[in-house]
Structures are given as structure tokens and as C-alpha cells.
Amino acid sequence: EASNKLKELVLNKQVILEKDLSETDKYGRLLRYIYLKLEDEQMLFINDFMVREGFAKLLTYPPDVKYSEQLLEAQRQARENGKGLWGSC
């Protein structure tokens, strides 16, 4: 479900990638925060959206913790509201 939701949000759309401190993780995967450009010049923070809607849970890899507090709050709200994976378990 998470993979399908992410594809629905960003596939073939213009996104902006933001680097924290590290380029890649220990497996060589690119580490980035993702923003979707919306029609009204607004930006949707995809990482936050996926956590807040219960499609993902927070996992931090220091030193890349720029948005950890924001994402922790999004996860808390998702859990309290039984969103996504928090409602299924």
C-alpha cells in the first residue's frame, strides 16, 4: 500500500529532493527528503505525508536527523488516530 501511495503521489511529477548530511546509507541508497510541487506553488513534504497518513514509520540514521522531531510528531498523530499501519495492527 505504501509503495502504491508513493507512486500515486510522485510518479511522473516534478519533485524537489533535499539532502540532509549524508549522500547515501550503508547500502548505497540515496538519502533525500522529497517535496512535491503542487499546482498552487505550494510544496507537499512527502516524507511527512507518508508518516502522518500511516504509510511509513519514522526510522532515523544519525547524523541525518534534520526533520526527526517533525516526523516523530507526525507518527504520534498517525498512531493516535489509527491511520494506516497503526490502524491495521
# chains A, B, ... in the order shown; residues from 1 in each chain; ligands from 1
>>> select_by_dssp(residues="chain A", states="helix (DSSP H, G or I)", output="PyMOL selection string")
chain A and resi 2-10+46-52+68-80+85-88
>>> residues_around(residues="Asn47 (chain A)", least_positions_apart="4", cutoff="9 Å", atoms="only C-alpha atoms", output="PyMOL selection string")
chain A and resi 33-35+51-52+56+71
>>> write_last_selection(atoms="N, CA, C and O atoms", output="CSV table (one decimal), in the first residue's frame")
chain,number,residue,atom,x,y,z
A,33,TYR,N,15.1,14.0,1.4
A,33,TYR,CA,13.7,14.3,1.7
A,33,TYR,C,13.1,14.7,0.4
A,33,TYR,O,13.7,15.3,-0.5
A,34,ILE,N,11.8,14.4,0.3
A,34,ILE,CA,11.1,14.6,-1.0
A,34,ILE,C,10.0,15.6,-0.8
A,34,ILE,O,9.2,15.5,0.1
A,35,TYR,N,10.0,16.6,-1.8
A,35,TYR,CA,8.9,17.6,-1.8
A,35,TYR,C,8.2,17.5,-3.2
A,35,TYR,O,8.9,17.5,-4.2
A,51,VAL,N,4.4,9.5,6.7
A,51,VAL,CA,4.4,9.1,8.1
A,51,VAL,C,3.0,9.5,8.7
A,51,VAL,O,2.4,8.7,9.4
A,52,ARG,N,2.6,10.7,8.5
A,52,ARG,CA,1.3,11.2,9.1
A,52,ARG,C,0.1,10.4,8.7
A,52,ARG,O,-0.8,10.3,9.4
A,56,ALA,N,4.1,5.0,6.5
A,56,ALA,CA,5.5,4.8,6.9
A,56,ALA,C,5.7,5.1,8.4
A,56,ALA,O,4.8,5.8,9.0
A,71,LEU,N,8.8,14.6,12.1
A,71,LEU,CA,8.4,13.3,11.7
A,71,LEU,C,7.9,12.5,12.9
A,71,LEU,O,7.0,11.7,12.8
>>> closest_residue(among="A:Val65, A:Lys57, A:Asn4, A:Glu73", to="Arg32 (chain A)", atoms="only C-alpha atoms")
A:Val65
>>> atom_distance(atom1="CA of Asp20 (chain A)", atom2="CA of Glu39 (chain A)")
25.8 Å
>>> residues_around(residues="Trp86 (chain A)", least_positions_apart="2", cutoff="12 Å", atoms="only C-alpha atoms", output="list of chain:residue names")
A:Val51, A:Arg52, A:Glu53, A:Gly54, A:Phe55, A:Ala56, A:Lys57, A:Gln75, A:Arg76, A:Gln77, A:Ala78, A:Arg79, A:Glu80, A:Asn81, A:Gly82, A:Lys83, A:Gly84, A:Ser88, A:Cys89
>>> residues_around(residues="Leu21 (chain A)", least_positions_apart="2", cutoff="12 Å", atoms="only C-alpha atoms", output="PDB file with all heavy atoms, in the first residue's frame")
ATOM      1  N   GLU A  18      15.827  17.071  -1.182  1.00  0.00           N
ATOM      2  CA  GLU A  18      16.664  17.818  -0.245  1.00  0.00           C
ATOM      3  C   GLU A  18      17.583  16.856   0.503  1.00  0.00           C
ATOM      4  O   GLU A  18      17.121  15.895   1.107  1.00  0.00           O
ATOM      5  CB  GLU A  18      15.784  18.577   0.758  1.00  0.00           C
ATOM      6  CG  GLU A  18      16.584  19.327   1.800  1.00  0.00           C
ATOM      7  CD  GLU A  18      15.709  19.955   2.871  1.00  0.00           C
ATOM      8  OE1 GLU A  18      14.474  19.820   2.825  1.00  0.00           O
ATOM      9  OE2 GLU A  18      16.289  20.574   3.772  1.00  0.00           O
ATOM     10  N   LYS A  19      18.853  17.152   0.463  1.00  0.00           N
ATOM     11  CA  LYS A  19      19.849  16.349   1.168  1.00  0.00           C
ATOM     12  C   LYS A  19      19.970  16.831   2.605  1.00  0.00           C
ATOM     13  O   LYS A  19      19.879  18.022   2.880  1.00  0.00           O
ATOM     14  CB  LYS A  19      21.193  16.485   0.448  1.00  0.00           C
ATOM     15  CG  LYS A  19      22.309  15.729   1.085  1.00  0.00           C
ATOM     16  CD  LYS A  19      23.598  15.979   0.323  1.00  0.00           C
ATOM     17  CE  LYS A  19      24.728  15.914   1.313  1.00  0.00           C
ATOM     18  NZ  LYS A  19      25.968  16.407   0.810  1.00  0.00           N
ATOM     19  N   GLU A  23      25.115  11.520   1.816  1.00  0.00           N
ATOM     20  CA  GLU A  23      24.678  11.262   0.435  1.00  0.00           C
ATOM     21  C   GLU A  23      23.866   9.977   0.357  1.00  0.00           C
ATOM     22  O   GLU A  23      22.798   9.950  -0.230  1.00  0.00           O
ATOM     23  CB  GLU A  23      25.888  11.122  -0.500  1.00  0.00           C
ATOM     24  CG  GLU A  23      26.470  12.417  -0.982  1.00  0.00           C
ATOM     25  CD  GLU A  23      25.547  13.240  -1.841  1.00  0.00           C
ATOM     26  OE1 GLU A  23      24.774  12.679  -2.635  1.00  0.00           O
ATOM     27  OE2 GLU A  23      25.604  14.463  -1.707  1.00  0.00           O
ATOM     28  N   THR A  24      24.419   8.912   0.950  1.00  0.00           N
ATOM     29  CA  THR A  24      23.799   7.592   0.856  1.00  0.00           C
ATOM     30  C   THR A  24      23.846   6.890   2.198  1.00  0.00           C
ATOM     31  O   THR A  24      24.598   7.274   3.097  1.00  0.00           O
ATOM     32  CB  THR A  24      24.532   6.714  -0.178  1.00  0.00           C
ATOM     33  OG1 THR A  24      25.896   6.595   0.211  1.00  0.00           O
ATOM     34  CG2 THR A  24      24.455   7.303  -1.584  1.00  0.00           C
ATOM     35  N   ASP A  25      23.046   5.819   2.315  1.00  0.00           N
ATOM     36  CA  ASP A  25      23.110   4.992   3.513  1.00  0.00           C
ATOM     37  C   ASP A  25      24.167   3.908   3.315  1.00  0.00           C
ATOM     38  O   ASP A  25      24.854   3.881   2.287  1.00  0.00           O
ATOM     39  CB  ASP A  25      21.739   4.410   3.862  1.00  0.00           C
ATOM     40  CG  ASP A  25      21.215   3.422   2.842  1.00  0.00           C
ATOM     41  OD1 ASP A  25      21.955   3.012   1.932  1.00  0.00           O
ATOM     42  OD2 ASP A  25      20.040   3.032   2.957  1.00  0.00           O
ATOM     43  N   LEU A  30      20.391   6.423  -2.052  1.00  0.00           N
ATOM     44  CA  LEU A  30      20.374   7.876  -1.950  1.00  0.00           C
ATOM     45  C   LEU A  30      19.449   8.299  -0.810  1.00  0.00           C
ATOM     46  O   LEU A  30      18.318   7.832  -0.713  1.00  0.00           O
ATOM     47  CB  LEU A  30      19.874   8.465  -3.269  1.00  0.00           C
ATOM     48  CG  LEU A  30      20.028   9.953  -3.484  1.00  0.00           C
ATOM     49  CD1 LEU A  30      21.495  10.342  -3.528  1.00  0.00           C
ATOM     50  CD2 LEU A  30      19.347  10.347  -4.792  1.00  0.00           C
ATOM     51  N   LEU A  31      19.928   9.167   0.057  1.00  0.00           N
ATOM     52  CA  LEU A  31      19.136   9.667   1.185  1.00  0.00           C
ATOM     53  C   LEU A  31      18.659  11.079   0.873  1.00  0.00           C
ATOM     54  O   LEU A  31      19.470  11.995   0.753  1.00  0.00           O
ATOM     55  CB  LEU A  31      19.975   9.674   2.462  1.00  0.00           C
ATOM     56  CG  LEU A  31      20.442   8.320   2.973  1.00  0.00           C
ATOM     57  CD1 LEU A  31      21.374   8.507   4.169  1.00  0.00           C
ATOM     58  CD2 LEU A  31      19.261   7.444   3.348  1.00  0.00           C
ATOM     59  N   ARG A  32      17.364  11.244   0.755  1.00  0.00           N
ATOM     60  CA  ARG A  32      16.808  12.558   0.453  1.00  0.00           C
ATOM     61  C   ARG A  32      15.430  12.722   1.093  1.00  0.00           C
ATOM     62  O   ARG A  32      14.699  11.751   1.292  1.00  0.00           O
ATOM     63  CB  ARG A  32      16.641  12.771  -1.057  1.00  0.00           C
ATOM     64  CG  ARG A  32      17.937  12.774  -1.851  1.00  0.00           C
ATOM     65  CD  ARG A  32      18.808  13.979  -1.496  1.00  0.00           C
ATOM     66  NE  ARG A  32      20.011  14.058  -2.286  1.00  0.00           N
ATOM     67  CZ  ARG A  32      21.176  13.518  -1.955  1.00  0.00           C
ATOM     68  NH1 ARG A  32      21.306  12.816  -0.852  1.00  0.00           N
ATOM     69  NH2 ARG A  32      22.231  13.662  -2.740  1.00  0.00           N
ATOM     70  N   TYR A  33      15.095  13.972   1.384  1.00  0.00           N
ATOM     71  CA  TYR A  33      13.727  14.349   1.722  1.00  0.00           C
ATOM     72  C   TYR A  33      13.076  14.737   0.408  1.00  0.00           C
ATOM     73  O   TYR A  33      13.721  15.322  -0.469  1.00  0.00           O
ATOM     74  CB  TYR A  33      13.711  15.529   2.703  1.00  0.00           C
ATOM     75  CG  TYR A  33      14.423  15.224   4.001  1.00  0.00           C
ATOM     76  CD1 TYR A  33      15.659  15.780   4.284  1.00  0.00           C
ATOM     77  CD2 TYR A  33      13.852  14.368   4.934  1.00  0.00           C
ATOM     78  CE1 TYR A  33      16.315  15.495   5.479  1.00  0.00           C
ATOM     79  CE2 TYR A  33      14.502  14.073   6.129  1.00  0.00           C
ATOM     80  CZ  TYR A  33      15.735  14.641   6.393  1.00  0.00           C
ATOM     81  OH  TYR A  33      16.375  14.353   7.566  1.00  0.00           O
ATOM     82  N   TYR A  61      18.627   7.764  10.971  1.00  0.00           N
ATOM     83  CA  TYR A  61      20.004   7.318  10.840  1.00  0.00           C
ATOM     84  C   TYR A  61      20.904   8.529  11.082  1.00  0.00           C
ATOM     85  O   TYR A  61      21.221   9.256  10.148  1.00  0.00           O
ATOM     86  CB  TYR A  61      20.268   6.753   9.441  1.00  0.00           C
ATOM     87  CG  TYR A  61      19.511   5.488   9.153  1.00  0.00           C
ATOM     88  CD1 TYR A  61      18.328   5.520   8.426  1.00  0.00           C
ATOM     89  CD2 TYR A  61      19.982   4.258   9.602  1.00  0.00           C
ATOM     90  CE1 TYR A  61      17.628   4.353   8.161  1.00  0.00           C
ATOM     91  CE2 TYR A  61      19.289   3.086   9.334  1.00  0.00           C
ATOM     92  CZ  TYR A  61      18.108   3.147   8.612  1.00  0.00           C
ATOM     93  OH  TYR A  61      17.419   1.990   8.356  1.00  0.00           O
ATOM     94  N   PRO A  62      21.264   8.781  12.357  1.00  0.00           N
ATOM     95  CA  PRO A  62      22.151   9.900  12.612  1.00  0.00           C
ATOM     96  C   PRO A  62      23.403   9.797  11.753  1.00  0.00           C
ATOM     97  O   PRO A  62      23.875   8.684  11.503  1.00  0.00           O
ATOM     98  CB  PRO A  62      22.489   9.738  14.099  1.00  0.00           C
ATOM     99  CG  PRO A  62      21.310   8.995  14.659  1.00  0.00           C
ATOM    100  CD  PRO A  62      20.895   8.057  13.560  1.00  0.00           C
ATOM    101  N   PRO A  63      23.885  10.903  11.258  1.00  0.00           N
ATOM    102  CA  PRO A  63      23.579  12.279  11.650  1.00  0.00           C
ATOM    103  C   PRO A  63      22.428  12.909  10.859  1.00  0.00           C
ATOM    104  O   PRO A  63      22.170  14.097  10.995  1.00  0.00           O
ATOM    105  CB  PRO A  63      24.886  13.002  11.347  1.00  0.00           C
ATOM    106  CG  PRO A  63      25.397  12.310  10.120  1.00  0.00           C
ATOM    107  CD  PRO A  63      25.018  10.858  10.317  1.00  0.00           C
ATOM    108  N   ASP A  64      21.716  12.139  10.051  1.00  0.00           N
ATOM    109  CA  ASP A  64      20.649  12.697   9.206  1.00  0.00           C
ATOM    110  C   ASP A  64      19.330  12.764   9.971  1.00  0.00           C
ATOM    111  O   ASP A  64      18.470  11.893   9.826  1.00  0.00           O
ATOM    112  CB  ASP A  64      20.515  11.853   7.930  1.00  0.00           C
ATOM    113  CG  ASP A  64      21.803  11.846   7.145  1.00  0.00           C
ATOM    114  OD1 ASP A  64      22.144  12.898   6.585  1.00  0.00           O
ATOM    115  OD2 ASP A  64      22.484  10.807   7.136  1.00  0.00           O
ATOM    116  N   VAL A  65      19.180  13.796  10.776  1.00  0.00           N
ATOM    117  CA  VAL A  65      18.027  13.915  11.667  1.00  0.00           C
ATOM    118  C   VAL A  65      17.357  15.290  11.575  1.00  0.00           C
ATOM    119  O   VAL A  65      16.663  15.710  12.501  1.00  0.00           O
ATOM    120  CB  VAL A  65      18.425  13.610  13.130  1.00  0.00           C
ATOM    121  CG1 VAL A  65      18.867  12.159  13.279  1.00  0.00           C
ATOM    122  CG2 VAL A  65      19.520  14.549  13.607  1.00  0.00           C
ATOM    123  N   LYS A  66      17.536  15.969  10.468  1.00  0.00           N
ATOM    124  CA  LYS A  66      17.051  17.341  10.318  1.00  0.00           C
ATOM    125  C   LYS A  66      15.572  17.498  10.671  1.00  0.00           C
ATOM    126  O   LYS A  66      15.172  18.462  11.321  1.00  0.00           O
ATOM    127  CB  LYS A  66      17.305  17.810   8.885  1.00  0.00           C
ATOM    128  CG  LYS A  66      16.916  19.244   8.623  1.00  0.00           C
ATOM    129  CD  LYS A  66      17.329  19.660   7.231  1.00  0.00           C
ATOM    130  CE  LYS A  66      17.033  21.119   6.984  1.00  0.00           C
ATOM    131  NZ  LYS A  66      17.493  21.541   5.663  1.00  0.00           N
ATOM    132  N   TYR A  67      14.736  16.576  10.233  1.00  0.00           N
ATOM    133  CA  TYR A  67      13.289  16.680  10.456  1.00  0.00           C
ATOM    134  C   TYR A  67      12.772  15.624  11.431  1.00  0.00           C
ATOM    135  O   TYR A  67      11.574  15.330  11.451  1.00  0.00           O
ATOM    136  CB  TYR A  67      12.549  16.564   9.128  1.00  0.00           C
ATOM    137  CG  TYR A  67      12.863  17.687   8.176  1.00  0.00           C
ATOM    138  CD1 TYR A  67      13.610  17.465   7.027  1.00  0.00           C
ATOM    139  CD2 TYR A  67      12.421  18.980   8.432  1.00  0.00           C
ATOM    140  CE1 TYR A  67      13.907  18.496   6.148  1.00  0.00           C
ATOM    141  CE2 TYR A  67      12.720  20.023   7.568  1.00  0.00           C
ATOM    142  CZ  TYR A  67      13.458  19.771   6.435  1.00  0.00           C
ATOM    143  OH  TYR A  67      13.758  20.797   5.569  1.00  0.00           O
TER     144      TYR A  67
END
>>> closest_residue(among="A:Leu44, A:Leu59, A:Leu72, A:Met50", to="Gln14 (chain A)", atoms="only C-alpha atoms")
A:Leu44
>>> select_by_dssp(residues="chain A", states="strand (DSSP E)", output="list in words")
Val15, Ile16, Leu17, Glu18, Tyr33, Ile34, Tyr35, Leu36, Lys37, Met43, Leu44 and Phe45 of chain A
>>> write_last_selection(atoms="N, CA, C and O atoms", output="short mmCIF file (atom, residue, chain, number, x, y, z; two decimals), in the first residue's frame")
data_model
loop_
_atom_site.label_atom_id
_atom_site.label_comp_id
_atom_site.auth_asym_id
_atom_site.auth_seq_id
_atom_site.Cartn_x
_atom_site.Cartn_y
_atom_site.Cartn_z
N VAL A 15 9.38 16.84 -8.58
CA VAL A 15 9.69 16.82 -7.16
C VAL A 15 11.01 17.55 -6.92
O VAL A 15 11.80 17.74 -7.83
N ILE A 16 11.20 17.94 -5.69
CA ILE A 16 12.46 18.54 -5.26
C ILE A 16 13.03 17.61 -4.19
O ILE A 16 12.31 17.19 -3.28
N LEU A 17 14.31 17.29 -4.32
CA LEU A 17 14.99 16.43 -3.36
C LEU A 17 15.91 17.28 -2.49
O LEU A 17 16.66 18.09 -3.00
N GLU A 18 15.83 17.07 -1.18
CA GLU A 18 16.66 17.82 -0.24
C GLU A 18 17.58 16.86 0.50
O GLU A 18 17.12 15.89 1.11
N TYR A 33 15.09 13.97 1.38
CA TYR A 33 13.73 14.35 1.72
C TYR A 33 13.08 14.74 0.41
O TYR A 33 13.72 15.32 -0.47
N ILE A 34 11.81 14.41 0.25
CA ILE A 34 11.12 14.63 -1.03
C ILE A 34 10.00 15.64 -0.85
O ILE A 34 9.17 15.52 0.06
N TYR A 35 9.96 16.59 -1.76
CA TYR A 35 8.88 17.59 -1.80
C TYR A 35 8.21 17.51 -3.16
O TYR A 35 8.88 17.47 -4.20
N LEU A 36 6.90 17.52 -3.17
CA LEU A 36 6.13 17.53 -4.40
C LEU A 36 5.67 18.95 -4.66
O LEU A 36 5.08 19.60 -3.78
N LYS A 37 5.95 19.45 -5.86
CA LYS A 37 5.48 20.78 -6.24
C LYS A 37 4.01 20.66 -6.63
O LYS A 37 3.65 19.90 -7.51
N MET A 43 4.23 23.35 -1.61
CA MET A 43 5.02 22.13 -1.60
C MET A 43 4.42 21.16 -0.59
O MET A 43 4.02 21.57 0.50
N LEU A 44 4.37 19.90 -0.96
CA LEU A 44 3.94 18.85 -0.05
C LEU A 44 5.19 18.07 0.37
O LEU A 44 5.90 17.53 -0.48
N PHE A 45 5.46 18.02 1.66
CA PHE A 45 6.60 17.29 2.20
C PHE A 45 6.19 15.82 2.25
O PHE A 45 5.47 15.38 3.14
#
>>> atom_distance(atom1="CA of Gln70 (chain A)", atom2="CA of Leu58 (chain A)")
10.1 Å
